[in-house]
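Data block for coords.txt (compact mmCIF, N, CA and C atoms):
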# COMPACT_ATOMS: atom_id res chain seq x y z
N MET A 9 -1.82 10.00 -32.52
CA MET A 9 -1.94 9.06 -31.44
C MET A 9 -3.11 8.11 -31.74
N GLU A 10 -2.87 6.88 -31.52
CA GLU A 10 -3.86 5.86 -31.85
C GLU A 10 -4.84 5.64 -30.70
N ARG A 11 -6.10 5.53 -31.03
CA ARG A 11 -7.12 5.24 -30.02
C ARG A 11 -7.24 3.74 -29.86
N LYS A 12 -7.32 3.31 -28.64
CA LYS A 12 -7.49 1.88 -28.39
C LYS A 12 -8.97 1.58 -28.25
N VAL A 13 -9.37 0.47 -28.83
CA VAL A 13 -10.77 0.07 -28.80
C VAL A 13 -11.00 -0.82 -27.59
N LEU A 14 -12.03 -0.50 -26.81
CA LEU A 14 -12.36 -1.30 -25.65
C LEU A 14 -13.27 -2.45 -26.05
N ASP A 15 -13.05 -3.56 -25.39
CA ASP A 15 -13.92 -4.71 -25.57
C ASP A 15 -15.27 -4.40 -24.94
N PRO A 16 -16.39 -4.68 -25.63
CA PRO A 16 -17.71 -4.38 -25.05
C PRO A 16 -17.94 -5.08 -23.71
N GLN A 17 -17.41 -6.27 -23.52
CA GLN A 17 -17.56 -6.96 -22.24
C GLN A 17 -16.81 -6.22 -21.14
N GLU A 18 -15.67 -5.65 -21.48
CA GLU A 18 -14.91 -4.88 -20.49
C GLU A 18 -15.66 -3.63 -20.08
N VAL A 19 -16.32 -2.99 -21.03
CA VAL A 19 -17.11 -1.80 -20.71
C VAL A 19 -18.23 -2.17 -19.76
N GLU A 20 -18.91 -3.29 -20.00
CA GLU A 20 -19.98 -3.74 -19.11
C GLU A 20 -19.45 -4.01 -17.71
N ARG A 21 -18.28 -4.63 -17.63
CA ARG A 21 -17.68 -4.92 -16.31
C ARG A 21 -17.35 -3.64 -15.57
N ARG A 22 -16.80 -2.67 -16.28
CA ARG A 22 -16.40 -1.42 -15.63
C ARG A 22 -17.61 -0.64 -15.11
N LEU A 23 -18.76 -0.83 -15.72
CA LEU A 23 -19.97 -0.15 -15.26
C LEU A 23 -20.66 -0.89 -14.12
N ASP A 24 -20.25 -2.13 -13.87
CA ASP A 24 -20.85 -2.94 -12.82
C ASP A 24 -20.27 -2.54 -11.46
N GLU A 25 -21.13 -2.16 -10.52
CA GLU A 25 -20.68 -1.72 -9.20
C GLU A 25 -19.98 -2.84 -8.43
N ASP A 26 -20.48 -4.06 -8.56
CA ASP A 26 -19.87 -5.18 -7.85
C ASP A 26 -18.45 -5.44 -8.35
N PHE A 27 -18.26 -5.37 -9.65
CA PHE A 27 -16.94 -5.58 -10.23
C PHE A 27 -15.97 -4.51 -9.75
N ASN A 28 -16.43 -3.26 -9.72
CA ASN A 28 -15.58 -2.17 -9.23
C ASN A 28 -15.24 -2.34 -7.76
N ALA A 29 -16.20 -2.84 -6.99
CA ALA A 29 -15.94 -3.08 -5.56
C ALA A 29 -14.86 -4.15 -5.40
N ILE A 30 -14.92 -5.18 -6.24
CA ILE A 30 -13.90 -6.22 -6.19
C ILE A 30 -12.53 -5.65 -6.54
N LEU A 31 -12.47 -4.81 -7.57
CA LEU A 31 -11.19 -4.20 -7.95
C LEU A 31 -10.64 -3.32 -6.84
N ASN A 32 -11.52 -2.62 -6.14
CA ASN A 32 -11.07 -1.74 -5.07
C ASN A 32 -10.59 -2.51 -3.85
N MET A 33 -11.02 -3.76 -3.71
CA MET A 33 -10.62 -4.55 -2.56
C MET A 33 -9.29 -5.29 -2.78
N ILE A 34 -8.77 -5.24 -3.99
CA ILE A 34 -7.50 -5.89 -4.24
C ILE A 34 -6.45 -5.23 -3.36
N GLY A 35 -5.74 -6.01 -2.59
CA GLY A 35 -4.72 -5.49 -1.70
C GLY A 35 -5.19 -5.41 -0.26
N GLU A 36 -6.48 -5.39 -0.02
CA GLU A 36 -6.97 -5.37 1.35
C GLU A 36 -6.78 -6.76 1.95
N GLY A 37 -6.36 -6.79 3.17
CA GLY A 37 -6.12 -8.07 3.81
C GLY A 37 -4.75 -8.62 3.49
N SER A 38 -3.96 -7.82 2.81
CA SER A 38 -2.61 -8.27 2.48
C SER A 38 -1.73 -8.15 3.72
N PRO A 39 -0.62 -8.83 3.73
CA PRO A 39 0.26 -8.78 4.91
C PRO A 39 0.79 -7.36 5.16
N ASP A 40 0.99 -7.07 6.41
CA ASP A 40 1.50 -5.77 6.81
C ASP A 40 3.03 -5.82 6.79
N PHE A 41 3.64 -4.95 6.02
CA PHE A 41 5.09 -4.94 5.92
C PHE A 41 5.69 -3.82 6.75
N ALA A 42 5.08 -3.53 7.88
CA ALA A 42 5.59 -2.48 8.76
C ALA A 42 6.88 -2.94 9.43
N ALA A 43 7.62 -1.99 9.97
CA ALA A 43 8.88 -2.32 10.63
C ALA A 43 8.62 -3.19 11.85
N ASP A 44 9.41 -4.21 12.00
CA ASP A 44 9.26 -5.08 13.16
C ASP A 44 10.25 -4.66 14.24
N GLU A 45 10.16 -5.27 15.39
CA GLU A 45 10.99 -4.90 16.54
C GLU A 45 12.47 -5.20 16.30
N GLU A 46 12.79 -6.10 15.41
CA GLU A 46 14.18 -6.50 15.17
C GLU A 46 14.88 -5.59 14.16
N ASN A 47 14.19 -4.65 13.62
CA ASN A 47 14.74 -3.79 12.59
C ASN A 47 15.86 -2.91 13.16
N GLU A 48 17.02 -2.94 12.52
CA GLU A 48 18.18 -2.17 13.00
C GLU A 48 17.95 -0.66 12.95
N MET A 49 17.26 -0.20 11.92
CA MET A 49 17.00 1.24 11.82
C MET A 49 16.10 1.69 12.97
N LEU A 50 15.15 0.87 13.35
CA LEU A 50 14.27 1.21 14.46
C LEU A 50 15.05 1.25 15.77
N LYS A 51 15.95 0.29 15.97
CA LYS A 51 16.78 0.28 17.18
C LYS A 51 17.66 1.53 17.24
N GLU A 52 18.23 1.90 16.11
CA GLU A 52 19.09 3.08 16.06
C GLU A 52 18.29 4.34 16.38
N ARG A 53 17.08 4.44 15.86
CA ARG A 53 16.24 5.61 16.13
C ARG A 53 15.91 5.69 17.62
N ARG A 54 15.63 4.55 18.24
CA ARG A 54 15.34 4.56 19.68
C ARG A 54 16.56 4.98 20.48
N ARG A 55 17.75 4.53 20.07
CA ARG A 55 18.98 4.96 20.76
C ARG A 55 19.15 6.47 20.67
N GLU A 56 18.88 7.02 19.49
CA GLU A 56 19.01 8.46 19.32
C GLU A 56 17.99 9.21 20.17
N GLU A 57 16.78 8.67 20.29
CA GLU A 57 15.76 9.31 21.12
C GLU A 57 16.19 9.30 22.59
N VAL A 58 16.79 8.22 23.06
CA VAL A 58 17.25 8.14 24.43
C VAL A 58 18.38 9.15 24.67
N LYS A 59 19.29 9.25 23.71
CA LYS A 59 20.36 10.24 23.81
C LYS A 59 19.81 11.65 23.88
N ALA A 60 18.80 11.93 23.05
CA ALA A 60 18.21 13.26 23.03
C ALA A 60 17.54 13.59 24.37
N LYS A 61 16.87 12.59 24.96
CA LYS A 61 16.23 12.81 26.27
C LYS A 61 17.28 13.07 27.34
N ASP A 62 18.42 12.35 27.26
CA ASP A 62 19.47 12.54 28.24
C ASP A 62 20.09 13.93 28.16
N LEU A 63 20.12 14.51 26.95
CA LEU A 63 20.71 15.84 26.77
C LEU A 63 19.82 16.94 27.34
N HIS A 64 18.52 16.70 27.41
CA HIS A 64 17.61 17.74 27.91
C HIS A 64 17.50 17.66 29.36
Target format structure tokens, applied to this file:
Amino acid sequence: MERKVLDPQEVERRLDEDFNAILNMIGEGSPDFAADEENEMLKERRREEVKAKDLH
């Protein structure tokens, strides 16, 4: 198996706390892709919950 050589500048960046903090923040503040109210699967689940309540 071949060893890959790291660039010395990359090693310095990886040891920098600020650079690591920036890498960890990638994705924060991104749009939320949660289910919205118009989602058919969500509507179906609510119908099933109502049916279940009616049975009890």
Could you state the separation of atom CA of A:Asn28 and atom CA of A:Pro16 in Å, given to one decimal place?
->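 Atom CA of A:Pro16 lies at a distance of 16.1 Å from atom CA of A:Asn28.
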Just give me the gap between atom N of A:Arg22 and atom N of A:Ile34 in Å, one decimal is fine.
->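 Separation between atom N of A:Arg22 and atom N of A:Ile34: 14.9 Å.
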Just give me the gap between atom C of A:Arg11 and atom CA of A:Ile30 in Å, one decimal is fine.
->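 Computed distance, atom C of A:Arg11 to atom CA of A:Ile30, equals 26.5 Å.
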